[in-house]
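Down below is the structure, laid out as structure tokens.
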There are 4 protein chains.
Amino acid sequence: MSGSVNKVILVGNLGRDPETRRLNSGEPVVNLRIATSETWRDKASGERRERTEWHNVVIFNENLARVAEQYLKKGSKVYIEGQLQTRKWQDKDGQERYTTEVVLQRFRGELTILDSRNGGGDLAGEEEGGSLGYSGGRGGDFGRSSPMERRPAAASGGSKFPNDLDDDIPF
Amino acid sequence: MSGSVNKVILVGNLGRDPETRRLNSGEPVVNLRIATSETWRDKASGERRERTEWHNVVIFNENLARVAEQYLKKGSKVYIEGQLQTRKWQDKDGQERYTTEVVLQRFRGELTILDSRNGGGDLAGEEEGGSLGYSGGRGGDFGRSSPMERRPAAASGGSKFPNDLDDDIPF
Amino acid sequence: MSGSVNKVILVGNLGRDPETRRLNSGEPVVNLRIATSETWRDKASGERRERTEWHNVVIFNENLARVAEQYLKKGSKVYIEGQLQTRKWQDKDGQERYTTEVVLQRFRGELTILDSRNGGGDLAGEEEGGSLGYSGGRGGDFGRSSPMERRPAAASGGSKFPNDLDDDIPF
Amino acid sequence: MSGSVNKVILVGNLGRDPETRRLNSGEPVVNLRIATSETWRDKASGERRERTEWHNVVIFNENLARVAEQYLKKGSKVYIEGQLQTRKWQDKDGQERYTTEVVLQRFRGELTILDSRNGGGDLAGEEEGGSLGYSGGRGGDFGRSSPMERRPAAASGGSKFPNDLDDDIPF
DNA sequence: TTTT
DNA sequence: TTTT
């Protein structure tokens, strides 16, 4: 139906390096494995307990896929915004299986890096923050500005990024 | 890890009536099946297309479970806020399977009814709005007010609700 | 700084019809006045109380501005996603004043109509749902589809909308 | 009206140390000044530009106020979830003025610390992560656990926190 | 006033 | 498999 919203917001850490596949068109599709966890004190035992949840994130958004591919690695902390999608597949025995993923579709979703130490080579020397952000949209659409618009198209991590990216991705 | 966020926001319609189980303690646990969908025009064919996503929602939050049980039915439109959880189970062949659900834990999550016509008998006569909302927390904690607090505990659908609920649930 | 998020999510009703200004370029900028409210029972007095909050929403996103202009009116219920922005202005005495608004920037933000009865003439005959949604992005960017993308660009309210809009806006 | 949602999500940095007032009851109310910003490349000039937005956050949630008071300081990066509230006040000339704030009401809202270096004395020696999180609710309500509940009450930053807090606040 |  |  229309009139619906399907949104997932995660802040967590990558359990492993991003994995990149490529479409026939050459566009990257990046898979992330992200952990979120909660800890609490068990009142009965007085012990501290923890529950970790693992999320499969799939990035079709081309700009965000490139950011993920280049600046994220195992351990990176990120803010992710995508949508829930469950897809059906067949296991080796031909049985139907379902997998639910957090998907950042083309031109949609958000990815913001919340640390810098994991931000890849260019940022390795950063003293601390150095994070980098970009929120959806299409790089090429932006850049014009007027007082009425009162806003930038995307966030930036400074001038430390390679130029080829700098042209394609608006940060 | 701490420093993490795991949040799902859905606005969609129930595909069937809520299903209620009860814990040994007597507390209700309500399962919802919620559809969200997107429609778009295919540029190539010019045809309108639609994709519907189905979500399994599990409500452990006692107050919200009671609201769901009593006021939601097939077709109801709701705003839901919960967290992603994947649980492992075994199918009849003993194989490990995984199911991902949107969970509203005890004292957590949000549920707001966005229509009234589907809101069940008590609301059937509503002219239009008449929806009903409640956001997390514990009923018994609220009710005191002071200028400094500047806020109510929860939203309401009017005075049409049964009194036993009215005492337990802050709406 | 990068690594930041500024997001507002509202579900509420329009307190008056949308107001449209036009940029020199002819693009519409739409202002909405949206009410959200919470009701609760005061434990001390036993009385039901309510607090309504009014929000100023400014839509620079061209597609969403057009949707708002054409399909929203006083009383409409909407889901809105934008960002907080505070702007300085001078009152008639030359004093600095500040106003905080929820802004949907160009190519950003989301707007989903959650009722149909308020959705204007075309939807008046709808049996019930019939709402209409569109989420950010740029219409012209969408329309190609491939199995890998697995998603539509935007939501729709059916085939009842005027064709000129139908070409510009992806619903 | 009911059926409404009023939610703000911020990830940003504190521009100054938290400021604490106390209610007559002794409960702390903490004010934060949080910056979010976006940077983008101006297509016309080729220059990098930035826009910073400042947010006033007011924490009435007692547990979160204590966390903020003790572990946040100027420069800390946080995830905040609250609601928009505009309050009227009178300036020194008796004129009506309005201020819009992001408010975490009693038993509501979320606060998650996204860095540790700013986490205060106990965390000062932390090598890196060490963040700390807690999401709404009432400490005293949690701690019981059962398989059906499948969730913890709150997140934790380890065993480094003073015990008096450890009893009151579930982390 | 933060952060990069 | 992350993080603390």
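Chain labels run A, B, ... following the order of the structure tokens; each chain numbers its residues from 1, and ligands are numbered from 1 in the order shown.
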Secondary structure check, helix (DSSP H, G or I) residues of range 26-78 of chain A, as a ChimeraX atom specification: /A:62-71
Just to be explicit: take each residue in the selection above, keep all heavy atoms, and write the result as a compact mmCIF listing (two decimals), in the first residue's frame.
```
# COMPACT_ATOMS: atom_id res chain seq x y z
N GLU A 62 24.90 3.71 -5.09
CA GLU A 62 26.24 3.66 -5.67
C GLU A 62 27.25 4.51 -4.90
O GLU A 62 28.37 4.07 -4.63
CB GLU A 62 26.15 4.12 -7.14
CG GLU A 62 27.41 3.86 -7.92
CD GLU A 62 27.26 4.26 -9.37
OE1 GLU A 62 26.09 4.42 -9.82
OE2 GLU A 62 28.29 4.42 -10.06
N ASN A 63 26.86 5.70 -4.56
CA ASN A 63 27.80 6.56 -3.84
C ASN A 63 28.14 5.99 -2.47
O ASN A 63 29.29 5.99 -2.06
CB ASN A 63 27.21 7.97 -3.69
CG ASN A 63 27.29 8.76 -4.98
OD1 ASN A 63 28.18 8.53 -5.80
ND2 ASN A 63 26.35 9.67 -5.17
N LEU A 64 27.11 5.52 -1.80
CA LEU A 64 27.36 4.98 -0.46
C LEU A 64 28.16 3.68 -0.53
O LEU A 64 28.98 3.39 0.34
CB LEU A 64 26.05 4.78 0.28
CG LEU A 64 25.23 6.05 0.52
CD1 LEU A 64 24.00 5.76 1.36
CD2 LEU A 64 26.09 7.12 1.18
N ALA A 65 27.93 2.91 -1.58
CA ALA A 65 28.71 1.68 -1.75
C ALA A 65 30.19 2.01 -1.90
O ALA A 65 31.07 1.34 -1.33
CB ALA A 65 28.21 0.90 -2.97
N ARG A 66 30.47 3.06 -2.66
CA ARG A 66 31.88 3.45 -2.84
C ARG A 66 32.50 3.94 -1.54
O ARG A 66 33.66 3.66 -1.24
CB ARG A 66 31.98 4.52 -3.92
CG ARG A 66 31.72 3.96 -5.30
CD ARG A 66 32.14 4.91 -6.39
NE ARG A 66 31.94 4.27 -7.70
CZ ARG A 66 31.26 4.81 -8.71
NH1 ARG A 66 30.74 6.01 -8.57
NH2 ARG A 66 31.13 4.17 -9.84
N VAL A 67 31.72 4.71 -0.79
CA VAL A 67 32.24 5.16 0.51
C VAL A 67 32.52 3.96 1.40
O VAL A 67 33.58 3.85 2.01
CB VAL A 67 31.20 6.09 1.19
CG1 VAL A 67 31.58 6.35 2.64
CG2 VAL A 67 31.10 7.41 0.43
N ALA A 68 31.58 3.04 1.45
CA ALA A 68 31.75 1.86 2.31
C ALA A 68 32.97 1.06 1.89
O ALA A 68 33.79 0.64 2.72
CB ALA A 68 30.49 0.99 2.24
N GLU A 69 33.08 0.86 0.58
CA GLU A 69 34.17 0.05 0.04
C GLU A 69 35.53 0.65 0.40
O GLU A 69 36.49 -0.05 0.70
CB GLU A 69 34.00 0.02 -1.49
CG GLU A 69 34.89 -0.95 -2.23
CD GLU A 69 34.59 -0.90 -3.72
OE1 GLU A 69 33.99 0.10 -4.20
OE2 GLU A 69 34.94 -1.87 -4.42
N GLN A 70 35.59 1.95 0.35
CA GLN A 70 36.90 2.59 0.51
C GLN A 70 37.25 2.98 1.94
O GLN A 70 38.42 3.05 2.29
CB GLN A 70 36.97 3.83 -0.38
CG GLN A 70 36.79 3.47 -1.85
CD GLN A 70 37.37 4.51 -2.77
OE1 GLN A 70 38.15 5.37 -2.36
NE2 GLN A 70 36.98 4.46 -4.03
N TYR A 71 36.25 3.29 2.74
CA TYR A 71 36.57 3.86 4.05
C TYR A 71 36.17 3.00 5.23
O TYR A 71 36.53 3.31 6.36
CB TYR A 71 35.94 5.25 4.18
CG TYR A 71 36.45 6.18 3.13
CD1 TYR A 71 35.66 6.57 2.06
CD2 TYR A 71 37.77 6.64 3.16
CE1 TYR A 71 36.13 7.38 1.06
CE2 TYR A 71 38.27 7.46 2.17
CZ TYR A 71 37.44 7.83 1.12
OH TYR A 71 37.94 8.63 0.13
```
Residue contacts of range 78-92 of chain A (9 Å, only C-alpha atoms (C1' of nucleotides)) excluding same-chain residues fewer than 5 positions away, as an MDAnalysis selection string: (chainID A and resid 5:14 34 57:59 72 97:105 108:115) or (chainID B and resid 5 8 53:55 100) or (chainID C and resid 3:5) or (chainID D and resid 11)
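With CA of Arg22 in chain C on one side and CA of Lys73 in chain C on the other, the separation reads 18.3 Å.
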Contacts of DT2 in chain F at 10 Å (only C-alpha atoms (C1' of nucleotides); same-chain gap of 2+ positions) as a list in words: Gly12, Asn13, Leu14, Gly15, Arg16, Arg33, Ile34, Ala35, Thr36, Ser37, Thr52, Trp54, Lys74, Gly75, Ser76 and Lys77 of chain A; Met1 of chain B
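Pairwise distance (CA of Glu96 in chain D, CA of Glu50 in chain C) equals 22.9 Å.
The gap separating CA of Asn61 in chain A from CA of Ala44 in chain B is 20.5 Å, in Å to one decimal.
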Members of range 16-99 of chain C assigned strand (DSSP E or B) by DSSP, as number ranges by chain: C: 19-22, 28-41, 48-59, 77-90, 96-99
Selection above as a file: N, CA and C atoms, as a CSV table (one decimal), in the first residue's frame:
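Output file part.csv is given in full below:
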```
chain,number,residue,atom,x,y,z
C,19,GLU,N,0.7,26.4,2.5
C,19,GLU,CA,0.9,27.7,1.9
C,19,GLU,C,2.1,27.6,0.9
C,20,THR,N,1.9,28.0,-0.3
C,20,THR,CA,3.0,27.9,-1.3
C,20,THR,C,3.6,29.2,-1.7
C,21,ARG,N,4.9,29.3,-1.6
C,21,ARG,CA,5.6,30.5,-2.2
C,21,ARG,C,6.3,29.9,-3.5
C,22,ARG,N,6.9,30.8,-4.3
C,22,ARG,CA,7.6,30.3,-5.4
C,22,ARG,C,9.0,31.0,-5.4
C,28,PRO,N,8.2,25.6,-6.4
C,28,PRO,CA,7.4,25.8,-5.2
C,28,PRO,C,8.1,25.5,-3.9
C,29,VAL,N,7.9,26.3,-2.9
C,29,VAL,CA,8.3,26.0,-1.6
C,29,VAL,C,7.1,26.0,-0.7
C,30,VAL,N,6.8,24.9,-0.1
C,30,VAL,CA,5.5,24.8,0.7
C,30,VAL,C,5.8,24.8,2.2
C,31,ASN,N,4.9,25.6,2.9
C,31,ASN,CA,5.0,25.6,4.3
C,31,ASN,C,3.8,24.9,4.9
C,32,LEU,N,4.0,24.0,5.8
C,32,LEU,CA,3.0,23.3,6.5
C,32,LEU,C,3.0,23.6,8.0
C,33,ARG,N,1.8,23.6,8.6
C,33,ARG,CA,1.7,23.8,10.0
C,33,ARG,C,1.1,22.4,10.5
C,34,ILE,N,1.9,21.7,11.3
C,34,ILE,CA,1.5,20.3,11.7
C,34,ILE,C,1.4,20.2,13.2
C,35,ALA,N,0.4,19.6,13.6
C,35,ALA,CA,0.1,19.4,15.0
C,35,ALA,C,0.4,17.9,15.4
C,36,THR,N,1.2,17.7,16.5
C,36,THR,CA,1.2,16.4,17.1
C,36,THR,C,0.7,16.6,18.5
C,37,SER,N,0.2,15.6,19.1
C,37,SER,CA,-0.3,15.8,20.5
C,37,SER,C,-0.2,14.5,21.2
C,38,GLU,N,-0.1,14.6,22.5
C,38,GLU,CA,-0.1,13.5,23.4
C,38,GLU,C,-1.2,13.7,24.5
C,39,THR,N,-1.8,12.7,24.8
C,39,THR,CA,-2.8,12.8,25.9
C,39,THR,C,-2.5,11.8,27.0
C,40,TRP,N,-2.8,12.1,28.2
C,40,TRP,CA,-2.6,11.2,29.3
C,40,TRP,C,-3.5,11.5,30.4
C,41,ARG,N,-3.6,10.5,31.3
C,41,ARG,CA,-4.5,10.7,32.4
C,41,ARG,C,-3.7,11.2,33.6
C,48,ARG,N,-8.3,13.6,32.2
C,48,ARG,CA,-7.5,13.4,31.0
C,48,ARG,C,-6.9,14.7,30.5
C,49,ARG,N,-5.7,14.7,30.2
C,49,ARG,CA,-5.1,16.0,29.7
C,49,ARG,C,-4.4,15.8,28.4
C,50,GLU,N,-4.2,16.9,27.7
C,50,GLU,CA,-3.6,16.8,26.4
C,50,GLU,C,-2.6,18.0,26.2
C,51,ARG,N,-1.6,17.7,25.4
C,51,ARG,CA,-0.6,18.7,25.0
C,51,ARG,C,-0.4,18.6,23.6
C,52,THR,N,-0.7,19.7,22.9
C,52,THR,CA,-0.5,19.7,21.4
C,52,THR,C,0.7,20.5,21.1
C,53,GLU,N,1.6,20.0,20.2
C,53,GLU,CA,2.8,20.7,19.8
C,53,GLU,C,2.6,21.1,18.3
C,54,TRP,N,2.9,22.3,18.0
C,54,TRP,CA,2.8,22.8,16.6
C,54,TRP,C,4.2,22.9,16.0
C,55,HIS,N,4.3,22.4,14.7
C,55,HIS,CA,5.5,22.3,14.0
C,55,HIS,C,5.5,23.1,12.7
C,56,ASN,N,6.5,23.9,12.4
C,56,ASN,CA,6.6,24.6,11.1
C,56,ASN,C,7.4,23.7,10.2
C,57,VAL,N,6.9,23.3,9.1
C,57,VAL,CA,7.6,22.5,8.1
C,57,VAL,C,7.7,23.2,6.8
C,58,VAL,N,8.9,23.2,6.3
C,58,VAL,CA,9.2,23.9,5.0
C,58,VAL,C,9.8,22.9,4.0
C,59,ILE,N,9.1,22.8,2.9
C,59,ILE,CA,9.5,21.8,1.9
C,59,ILE,C,10.1,22.5,0.7
C,77,LYS,N,-3.6,14.0,7.4
C,77,LYS,CA,-2.6,13.4,8.3
C,77,LYS,C,-1.4,12.9,7.4
C,78,VAL,N,-0.2,13.3,7.9
C,78,VAL,CA,1.0,13.0,7.1
C,78,VAL,C,2.2,12.4,8.0
C,79,TYR,N,3.0,11.7,7.3
C,79,TYR,CA,4.3,11.3,7.9
C,79,TYR,C,5.3,12.2,7.2
C,80,ILE,N,6.1,12.9,8.0
C,80,ILE,CA,7.1,13.8,7.5
C,80,ILE,C,8.5,13.5,8.0
C,81,GLU,N,9.5,13.5,7.2
C,81,GLU,CA,10.9,13.3,7.6
C,81,GLU,C,11.7,14.5,7.1
C,82,GLY,N,12.3,15.2,8.0
C,82,GLY,CA,13.1,16.3,7.6
C,82,GLY,C,14.2,16.6,8.6
C,83,GLN,N,14.8,17.8,8.5
C,83,GLN,CA,15.9,18.1,9.5
C,83,GLN,C,15.6,19.4,10.2
C,84,LEU,N,16.1,19.5,11.4
C,84,LEU,CA,15.9,20.7,12.2
C,84,LEU,C,16.8,21.8,11.7
C,85,GLN,N,16.2,23.0,11.5
C,85,GLN,CA,17.0,24.2,11.1
C,85,GLN,C,16.5,25.4,11.8
C,86,THR,N,17.4,26.2,12.4
C,86,THR,CA,17.0,27.4,13.1
C,86,THR,C,17.6,28.6,12.3
C,87,ARG,N,16.7,29.5,11.9
C,87,ARG,CA,17.1,30.7,11.2
C,87,ARG,C,16.9,31.9,12.0
C,88,LYS,N,17.8,32.9,11.8
C,88,LYS,CA,17.7,34.1,12.4
C,88,LYS,C,16.9,35.1,11.6
C,89,TRP,N,16.1,36.0,12.2
C,89,TRP,CA,15.4,37.0,11.4
C,89,TRP,C,15.3,38.2,12.3
C,90,GLN,N,14.9,39.3,11.7
C,90,GLN,CA,14.7,40.5,12.5
C,90,GLN,C,13.2,40.9,12.6
C,96,GLU,N,16.8,40.7,16.9
C,96,GLU,CA,17.1,39.3,16.4
C,96,GLU,C,16.1,38.3,17.0
C,97,ARG,N,15.5,37.6,16.1
C,97,ARG,CA,14.6,36.5,16.6
C,97,ARG,C,15.1,35.2,15.9
C,98,TYR,N,14.7,34.1,16.5
C,98,TYR,CA,15.1,32.8,15.9
C,98,TYR,C,13.8,32.0,15.7
C,99,THR,N,13.8,31.3,14.6
C,99,THR,CA,12.7,30.3,14.4
C,99,THR,C,13.3,29.0,14.0
```
